[in-house]
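Undergrad: Sharing final.csv, CSV, N, CA and C atoms:
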```csv
chain,number,residue,atom,x,y,z
B,1,MET,N,-204.8,174.9,-35.3
B,1,MET,CA,-205.3,173.9,-36.3
B,1,MET,C,-205.2,172.5,-35.8
B,2,GLU,N,-204.1,172.2,-35.2
B,2,GLU,CA,-204.0,170.9,-34.7
B,2,GLU,C,-205.1,170.5,-33.8
B,3,GLY,N,-205.5,171.5,-32.9
B,3,GLY,CA,-206.5,171.2,-32.0
B,3,GLY,C,-207.9,171.0,-32.7
B,4,ILE,N,-208.1,171.8,-33.7
B,4,ILE,CA,-209.3,171.6,-34.5
B,4,ILE,C,-209.3,170.2,-35.2
B,5,GLY,N,-208.2,169.8,-35.7
B,5,GLY,CA,-208.0,168.5,-36.3
B,5,GLY,C,-208.3,167.4,-35.3
B,6,LYS,N,-207.8,167.5,-34.1
B,6,LYS,CA,-208.0,166.5,-33.1
B,6,LYS,C,-209.5,166.5,-32.7
B,7,SER,N,-210.1,167.7,-32.6
B,7,SER,CA,-211.5,167.8,-32.3
B,7,SER,C,-212.4,167.1,-33.3
B,8,ILE,N,-212.1,167.3,-34.6
B,8,ILE,CA,-212.8,166.7,-35.7
B,8,ILE,C,-212.6,165.2,-35.7
B,9,SER,N,-211.3,164.8,-35.5
B,9,SER,CA,-211.0,163.4,-35.4
B,9,SER,C,-211.7,162.7,-34.3
B,10,TYR,N,-211.8,163.4,-33.2
B,10,TYR,CA,-212.6,162.9,-32.0
B,10,TYR,C,-214.1,162.8,-32.4
B,11,ASP,N,-214.6,163.8,-33.0
B,11,ASP,CA,-216.0,163.8,-33.4
B,11,ASP,C,-216.3,162.7,-34.4
B,12,LEU,N,-215.4,162.4,-35.3
B,12,LEU,CA,-215.6,161.3,-36.3
B,12,LEU,C,-215.3,159.9,-35.7
B,13,ASP,N,-214.9,159.9,-34.5
B,13,ASP,CA,-214.7,158.6,-33.8
B,13,ASP,C,-213.7,157.7,-34.5
B,14,GLY,N,-212.6,158.3,-35.0
B,14,GLY,CA,-211.5,157.6,-35.7
B,14,GLY,C,-211.7,157.4,-37.1
B,15,GLU,N,-212.8,157.8,-37.8
B,15,GLU,CA,-213.0,157.6,-39.2
B,15,GLU,C,-212.3,158.7,-40.0
B,16,ASP,N,-211.9,158.4,-41.2
B,16,ASP,CA,-211.2,159.3,-42.1
B,16,ASP,C,-212.1,160.5,-42.6
B,17,SER,N,-213.4,160.1,-42.8
B,17,SER,CA,-214.3,161.1,-43.3
B,17,SER,C,-215.6,161.1,-42.6
B,18,TYR,N,-216.3,162.1,-42.8
B,18,TYR,CA,-217.7,162.2,-42.2
B,18,TYR,C,-218.6,161.2,-42.8
B,19,GLY,N,-218.4,160.9,-44.1
B,19,GLY,CA,-219.3,160.0,-44.8
B,19,GLY,C,-219.1,158.6,-44.3
B,20,LYS,N,-217.8,158.2,-44.0
B,20,LYS,CA,-217.5,156.9,-43.4
B,20,LYS,C,-218.1,156.8,-42.0
B,21,TYR,N,-218.0,157.9,-41.3
B,21,TYR,CA,-218.5,157.9,-39.9
B,21,TYR,C,-220.1,157.7,-40.0
B,22,LEU,N,-220.7,158.4,-40.9
B,22,LEU,CA,-222.2,158.3,-41.0
B,22,LEU,C,-222.6,156.9,-41.4
B,23,ARG,N,-221.8,156.3,-42.4
B,23,ARG,CA,-222.1,154.9,-42.8
B,23,ARG,C,-222.0,153.9,-41.7
B,24,ARG,N,-220.9,154.1,-40.9
B,24,ARG,CA,-220.7,153.2,-39.7
B,24,ARG,C,-221.9,153.4,-38.7
B,25,GLU,N,-222.2,154.6,-38.4
B,25,GLU,CA,-223.3,154.9,-37.5
B,25,GLU,C,-224.7,154.3,-38.0
B,26,THR,N,-224.9,154.5,-39.3
B,26,THR,CA,-226.1,154.0,-40.0
B,26,THR,C,-226.1,152.5,-39.8
B,27,ALA,N,-225.0,151.8,-40.1
B,27,ALA,CA,-224.9,150.4,-40.0
B,27,ALA,C,-225.2,149.9,-38.5
B,28,GLN,N,-224.7,150.6,-37.6
B,28,GLN,CA,-224.9,150.3,-36.2
B,28,GLN,C,-226.4,150.5,-35.8
B,29,ILE,N,-226.9,151.6,-36.3
B,29,ILE,CA,-228.4,151.8,-36.0
B,29,ILE,C,-229.2,150.7,-36.7
B,30,SER,N,-228.9,150.4,-37.9
B,30,SER,CA,-229.6,149.4,-38.6
B,30,SER,C,-229.5,148.0,-37.9
B,31,GLU,N,-228.3,147.7,-37.4
B,31,GLU,CA,-228.1,146.5,-36.7
B,31,GLU,C,-228.9,146.5,-35.4
B,32,ALA,N,-229.0,147.6,-34.7
B,32,ALA,CA,-229.7,147.7,-33.5
B,32,ALA,C,-231.2,147.5,-33.8
B,33,PHE,N,-231.7,148.2,-34.9
B,33,PHE,CA,-233.1,148.0,-35.2
B,33,PHE,C,-233.4,146.5,-35.6
B,34,THR,N,-232.5,145.9,-36.3
B,34,THR,CA,-232.7,144.5,-36.7
B,34,THR,C,-232.8,143.6,-35.5
B,35,ASN,N,-231.8,143.8,-34.5
B,35,ASN,CA,-231.9,143.1,-33.3
B,35,ASN,C,-233.1,143.3,-32.5
B,36,SER,N,-233.5,144.6,-32.5
B,36,SER,CA,-234.8,145.0,-31.8
B,36,SER,C,-236.0,144.3,-32.4
B,37,GLU,N,-236.0,144.2,-33.7
B,37,GLU,CA,-237.1,143.6,-34.5
B,37,GLU,C,-237.1,142.1,-34.2
B,38,LYS,N,-235.9,141.5,-34.1
B,38,LYS,CA,-235.9,140.0,-33.8
B,38,LYS,C,-236.4,139.8,-32.4
B,39,SER,N,-236.0,140.6,-31.5
B,39,SER,CA,-236.4,140.5,-30.1
B,39,SER,C,-237.9,140.7,-30.0
B,40,LEU,N,-238.5,141.6,-30.7
B,40,LEU,CA,-239.9,141.8,-30.7
B,40,LEU,C,-240.7,140.6,-31.3
B,41,LEU,N,-240.1,140.1,-32.3
B,41,LEU,CA,-240.8,138.9,-32.9
B,41,LEU,C,-240.7,137.7,-32.0
B,42,GLU,N,-239.6,137.5,-31.3
B,42,GLU,CA,-239.5,136.5,-30.3
B,42,GLU,C,-240.5,136.6,-29.2
B,43,LEU,N,-240.6,137.9,-28.7
B,43,LEU,CA,-241.6,138.2,-27.7
B,43,LEU,C,-243.0,137.9,-28.1
B,44,GLU,N,-243.3,138.3,-29.4
B,44,GLU,CA,-244.6,138.0,-29.9
B,44,GLU,C,-244.9,136.5,-30.0
B,45,VAL,N,-243.9,135.7,-30.4
B,45,VAL,CA,-244.1,134.3,-30.5
B,45,VAL,C,-244.3,133.7,-29.2
B,46,LYS,N,-243.5,134.1,-28.2
B,46,LYS,CA,-243.6,133.6,-26.8
B,46,LYS,C,-245.0,134.0,-26.2
B,47,PHE,N,-245.4,135.2,-26.5
B,47,PHE,CA,-246.7,135.7,-26.0
B,47,PHE,C,-247.8,134.8,-26.6
B,48,LYS,N,-247.8,134.6,-27.9
B,48,LYS,CA,-248.8,133.8,-28.6
B,48,LYS,C,-248.8,132.3,-28.0
B,49,GLN,N,-247.6,131.8,-27.8
B,49,GLN,CA,-247.5,130.5,-27.3
B,49,GLN,C,-248.0,130.4,-25.9
B,50,SER,N,-247.8,131.4,-25.1
B,50,SER,CA,-248.3,131.5,-23.7
B,50,SER,C,-249.8,131.6,-23.8
B,51,GLN,N,-250.4,132.4,-24.7
B,51,GLN,CA,-251.8,132.5,-24.8
B,51,GLN,C,-252.4,131.1,-25.2
B,52,GLU,N,-251.8,130.5,-26.2
B,52,GLU,CA,-252.3,129.2,-26.7
B,52,GLU,C,-252.2,128.2,-25.6
B,53,SER,N,-251.1,128.2,-24.8
B,53,SER,CA,-251.0,127.3,-23.7
B,53,SER,C,-252.1,127.5,-22.6
B,54,GLU,N,-252.3,128.7,-22.3
B,54,GLU,CA,-253.4,129.1,-21.3
B,54,GLU,C,-254.7,128.6,-21.9
B,55,LEU,N,-255.0,128.8,-23.1
B,55,LEU,CA,-256.2,128.5,-23.7
B,55,LEU,C,-256.4,126.9,-23.7
B,56,LYS,N,-255.3,126.2,-24.0
B,56,LYS,CA,-255.4,124.8,-24.0
B,56,LYS,C,-255.7,124.3,-22.5
B,57,GLU,N,-255.0,124.9,-21.6
B,57,GLU,CA,-255.2,124.6,-20.2
B,57,GLU,C,-256.7,124.8,-19.8
B,58,GLU,N,-257.2,126.0,-20.2
B,58,GLU,CA,-258.6,126.3,-19.9
B,58,GLU,C,-259.6,125.3,-20.5
B,59,HIS,N,-259.3,124.9,-21.8
B,59,HIS,CA,-260.1,123.9,-22.4
B,59,HIS,C,-260.0,122.5,-21.7
B,60,ARG,N,-258.8,122.2,-21.3
B,60,ARG,CA,-258.6,120.9,-20.6
B,60,ARG,C,-259.4,120.9,-19.3
B,61,LEU,N,-259.3,122.0,-18.5
B,61,LEU,CA,-260.0,122.1,-17.3
B,61,LEU,C,-261.5,122.1,-17.5
B,62,SER,N,-261.9,122.8,-18.5
B,62,SER,CA,-263.4,122.8,-18.9
B,62,SER,C,-263.8,121.3,-19.2
B,63,ASP,N,-263.0,120.7,-20.1
B,63,ASP,CA,-263.4,119.3,-20.5
B,63,ASP,C,-263.4,118.4,-19.3
B,64,ASP,N,-262.4,118.5,-18.4
B,64,ASP,CA,-262.4,117.7,-17.2
B,64,ASP,C,-263.6,117.9,-16.3
B,65,PHE,N,-264.0,119.2,-16.1
B,65,PHE,CA,-265.1,119.5,-15.3
B,65,PHE,C,-266.4,119.0,-15.9
B,66,LEU,N,-266.5,119.1,-17.3
B,66,LEU,CA,-267.7,118.6,-17.9
B,66,LEU,C,-267.8,117.1,-17.8
B,67,ASN,N,-266.6,116.4,-18.0
B,67,ASN,CA,-266.6,114.9,-17.8
B,67,ASN,C,-267.0,114.5,-16.4
B,68,MET,N,-266.5,115.3,-15.4
B,68,MET,CA,-266.9,114.9,-14.0
B,68,MET,C,-268.4,115.1,-13.8
B,69,ILE,N,-269.0,116.2,-14.4
B,69,ILE,CA,-270.4,116.4,-14.3
B,69,ILE,C,-271.2,115.3,-15.0
B,70,VAL,N,-270.8,114.9,-16.2
B,70,VAL,CA,-271.4,113.8,-16.9
B,70,VAL,C,-271.3,112.5,-16.1
B,71,HIS,N,-270.2,112.2,-15.6
B,71,HIS,CA,-270.0,111.0,-14.8
B,71,HIS,C,-270.9,111.0,-13.6
B,72,THR,N,-271.0,112.2,-12.9
B,72,THR,CA,-271.8,112.3,-11.7
B,72,THR,C,-273.3,112.1,-12.1
B,73,ARG,N,-273.7,112.7,-13.2
B,73,ARG,CA,-275.1,112.5,-13.7
B,73,ARG,C,-275.4,111.1,-13.9
B,74,ASP,N,-274.4,110.4,-14.6
B,74,ASP,CA,-274.6,109.0,-14.9
B,74,ASP,C,-274.7,108.1,-13.6
B,75,VAL,N,-273.8,108.4,-12.7
B,75,VAL,CA,-273.9,107.7,-11.4
B,75,VAL,C,-275.2,107.9,-10.7
B,76,LEU,N,-275.6,109.2,-10.7
B,76,LEU,CA,-276.9,109.5,-10.0
B,76,LEU,C,-278.1,108.8,-10.7
B,77,LYS,N,-278.1,108.8,-12.0
B,77,LYS,CA,-279.1,108.1,-12.7
B,77,LYS,C,-279.1,106.6,-12.4
B,78,GLU,N,-277.9,106.0,-12.4
B,78,GLU,CA,-277.8,104.6,-12.0
B,78,GLU,C,-278.3,104.3,-10.6
B,79,THR,N,-278.0,105.3,-9.7
B,79,THR,CA,-278.4,105.1,-8.3
B,79,THR,C,-279.9,105.2,-8.2
B,80,LEU,N,-280.5,106.2,-8.9
B,80,LEU,CA,-282.0,106.3,-8.9
B,80,LEU,C,-282.6,105.0,-9.5
B,81,ASP,N,-282.1,104.5,-10.6
B,81,ASP,CA,-282.6,103.3,-11.2
B,81,ASP,C,-282.6,102.1,-10.2
B,82,ILE,N,-281.4,102.0,-9.5
B,82,ILE,CA,-281.3,100.9,-8.5
B,82,ILE,C,-282.3,101.2,-7.3
B,83,SER,N,-282.4,102.4,-6.9
B,83,SER,CA,-283.4,102.7,-5.9
B,83,SER,C,-284.8,102.4,-6.2
B,84,LEU,N,-285.2,102.7,-7.5
B,84,LEU,CA,-286.5,102.4,-7.9
B,84,LEU,C,-286.7,100.9,-8.0
B,85,GLY,N,-285.7,100.2,-8.4
B,85,GLY,CA,-285.7,98.7,-8.5
B,85,GLY,C,-285.9,98.1,-7.1
B,86,LEU,N,-285.2,98.7,-6.1
B,86,LEU,CA,-285.3,98.2,-4.7
B,86,LEU,C,-286.6,98.5,-4.2
B,87,LYS,N,-287.2,99.7,-4.5
B,87,LYS,CA,-288.5,100.0,-4.0
B,87,LYS,C,-289.5,99.1,-4.6
B,88,ASP,N,-289.4,98.7,-5.9
B,88,ASP,CA,-290.3,97.7,-6.5
B,88,ASP,C,-290.2,96.4,-5.8
B,89,LYS,N,-289.0,96.0,-5.5
B,89,LYS,CA,-288.8,94.7,-4.8
B,89,LYS,C,-289.3,94.7,-3.4
B,90,HIS,N,-289.2,95.9,-2.7
B,90,HIS,CA,-289.7,96.0,-1.4
B,90,HIS,C,-291.2,95.9,-1.4
B,91,GLU,N,-291.9,96.6,-2.4
B,91,GLU,CA,-293.3,96.5,-2.5
B,91,GLU,C,-293.8,95.1,-2.8
B,92,LEU,N,-293.0,94.4,-3.7
B,92,LEU,CA,-293.4,93.0,-4.0
B,92,LEU,C,-293.2,92.1,-2.8
B,93,LEU,N,-292.1,92.3,-2.0
B,93,LEU,CA,-292.0,91.5,-0.8
B,93,LEU,C,-293.1,91.8,0.2
B,94,SER,N,-293.5,93.1,0.3
B,94,SER,CA,-294.6,93.4,1.2
B,94,SER,C,-295.9,92.7,0.8
B,95,LEU,N,-296.1,92.7,-0.5
B,95,LEU,CA,-297.3,92.0,-1.0
B,95,LEU,C,-297.2,90.5,-0.7
B,96,ILE,N,-296.1,89.9,-0.9
B,96,ILE,CA,-295.9,88.5,-0.6
B,96,ILE,C,-296.1,88.2,0.8
B,97,ILE,N,-295.5,89.0,1.7
B,97,ILE,CA,-295.6,88.8,3.2
B,97,ILE,C,-297.1,88.9,3.6
B,98,ARG,N,-297.8,89.9,3.1
B,98,ARG,CA,-299.2,90.1,3.4
B,98,ARG,C,-300.0,88.8,2.9
B,99,SER,N,-299.7,88.4,1.7
B,99,SER,CA,-300.4,87.3,1.1
B,99,SER,C,-300.1,86.0,2.0
B,100,HIS,N,-298.8,85.8,2.4
B,100,HIS,CA,-298.5,84.7,3.2
B,100,HIS,C,-299.2,84.8,4.6
B,101,GLY,N,-299.2,86.1,5.1
B,101,GLY,CA,-299.9,86.3,6.4
B,101,GLY,C,-301.4,85.9,6.3
B,102,THR,N,-302.0,86.3,5.2
B,102,THR,CA,-303.4,86.0,5.0
B,102,THR,C,-303.6,84.5,4.9
B,103,ARG,N,-302.8,83.9,4.2
B,103,ARG,CA,-302.9,82.4,4.0
B,103,ARG,C,-302.6,81.7,5.4
B,104,LEU,N,-301.6,82.2,6.1
B,104,LEU,CA,-301.3,81.6,7.4
B,104,LEU,C,-302.5,81.8,8.4
B,105,SER,N,-303.1,83.0,8.4
B,105,SER,CA,-304.3,83.2,9.2
B,105,SER,C,-305.4,82.3,8.9
B,106,ARG,N,-305.7,82.1,7.6
B,106,ARG,CA,-306.7,81.3,7.1
B,106,ARG,C,-306.5,79.8,7.5
B,107,LEU,N,-305.2,79.4,7.3
B,107,LEU,CA,-304.8,78.0,7.7
B,107,LEU,C,-305.0,77.8,9.2
B,108,LYS,N,-304.6,78.8,10.0
B,108,LYS,CA,-304.7,78.8,11.5
B,108,LYS,C,-306.2,78.7,11.9
B,109,ASN,N,-307.0,79.5,11.2
B,109,ASN,CA,-308.4,79.5,11.6
B,109,ASN,C,-309.0,78.1,11.2
B,110,GLU,N,-308.6,77.6,10.1
B,110,GLU,CA,-309.1,76.3,9.7
B,110,GLU,C,-308.6,75.2,10.6
B,111,TYR,N,-307.4,75.3,11.1
B,111,TYR,CA,-306.8,74.3,12.0
B,111,TYR,C,-307.5,74.4,13.4
B,112,MET,N,-307.8,75.6,13.8
B,112,MET,CA,-308.5,75.8,15.1
B,112,MET,C,-309.9,75.3,15.1
B,113,LYS,N,-310.5,75.3,13.9
B,113,LYS,CA,-311.9,74.7,13.8
B,113,LYS,C,-311.9,73.2,14.1
B,114,PHE,N,-310.9,72.6,13.8
B,114,PHE,CA,-310.8,71.1,13.9
B,114,PHE,C,-310.4,70.8,15.3
```
Represent the structure from my file as structure tokens, please.
TA:
Amino acid sequence: MEGIGKSISYDLDGEDSYGKYLRRETAQISEAFTNSEKSLLELEVKFKQSQESELKEEHRLSDDFLNMIVHTRDVLKETLDISLGLKDKHELLSLIIRSHGTRLSRLKNEYMKF
């Protein structure tokens, strides 16, 4: 009998009755599930934060890239405008030089006649 009592006492893990033992085990299981639930919620929050952070980084990189493209386009347009302006000035100078050359030739011919 004594051996059976010790065996039962060992099975009940020191509790007086099986009901108390089950309540304690249920409380421990409930606590474990609660802690597990908290851990899962923390992981979900961290995962969402990580996704949001990655999304923000992607948007920032995309915005930076688009800004560089817009800036490059603006600089290219400005360069083309300057180039066209220089071409116009070059053509104007060519016309002026030809005009002066024609005038100088005429003046030279008139001078040579005298």
Undergrad: Quick one: pull the distance between atom CA of B:Ser62 and atom CA of B:Leu43, Å, one decimal.
TA: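 Atom CA of B:Leu43 lies 28.1 Å from atom CA of B:Ser62.
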Undergrad: Find the distance between atom CA of B:His59 and atom CA of B:Leu76 and write it in Å to one decimal.
TA: 25.4 Å
Undergrad: Between atom CA of B:Tyr111 and atom CA of B:Ser99, what distance in Å does the model show, to one decimal?
TA: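 If I compute the distance from atom CA of B:Tyr111 to atom CA of B:Ser99, I get 18.1 Å.
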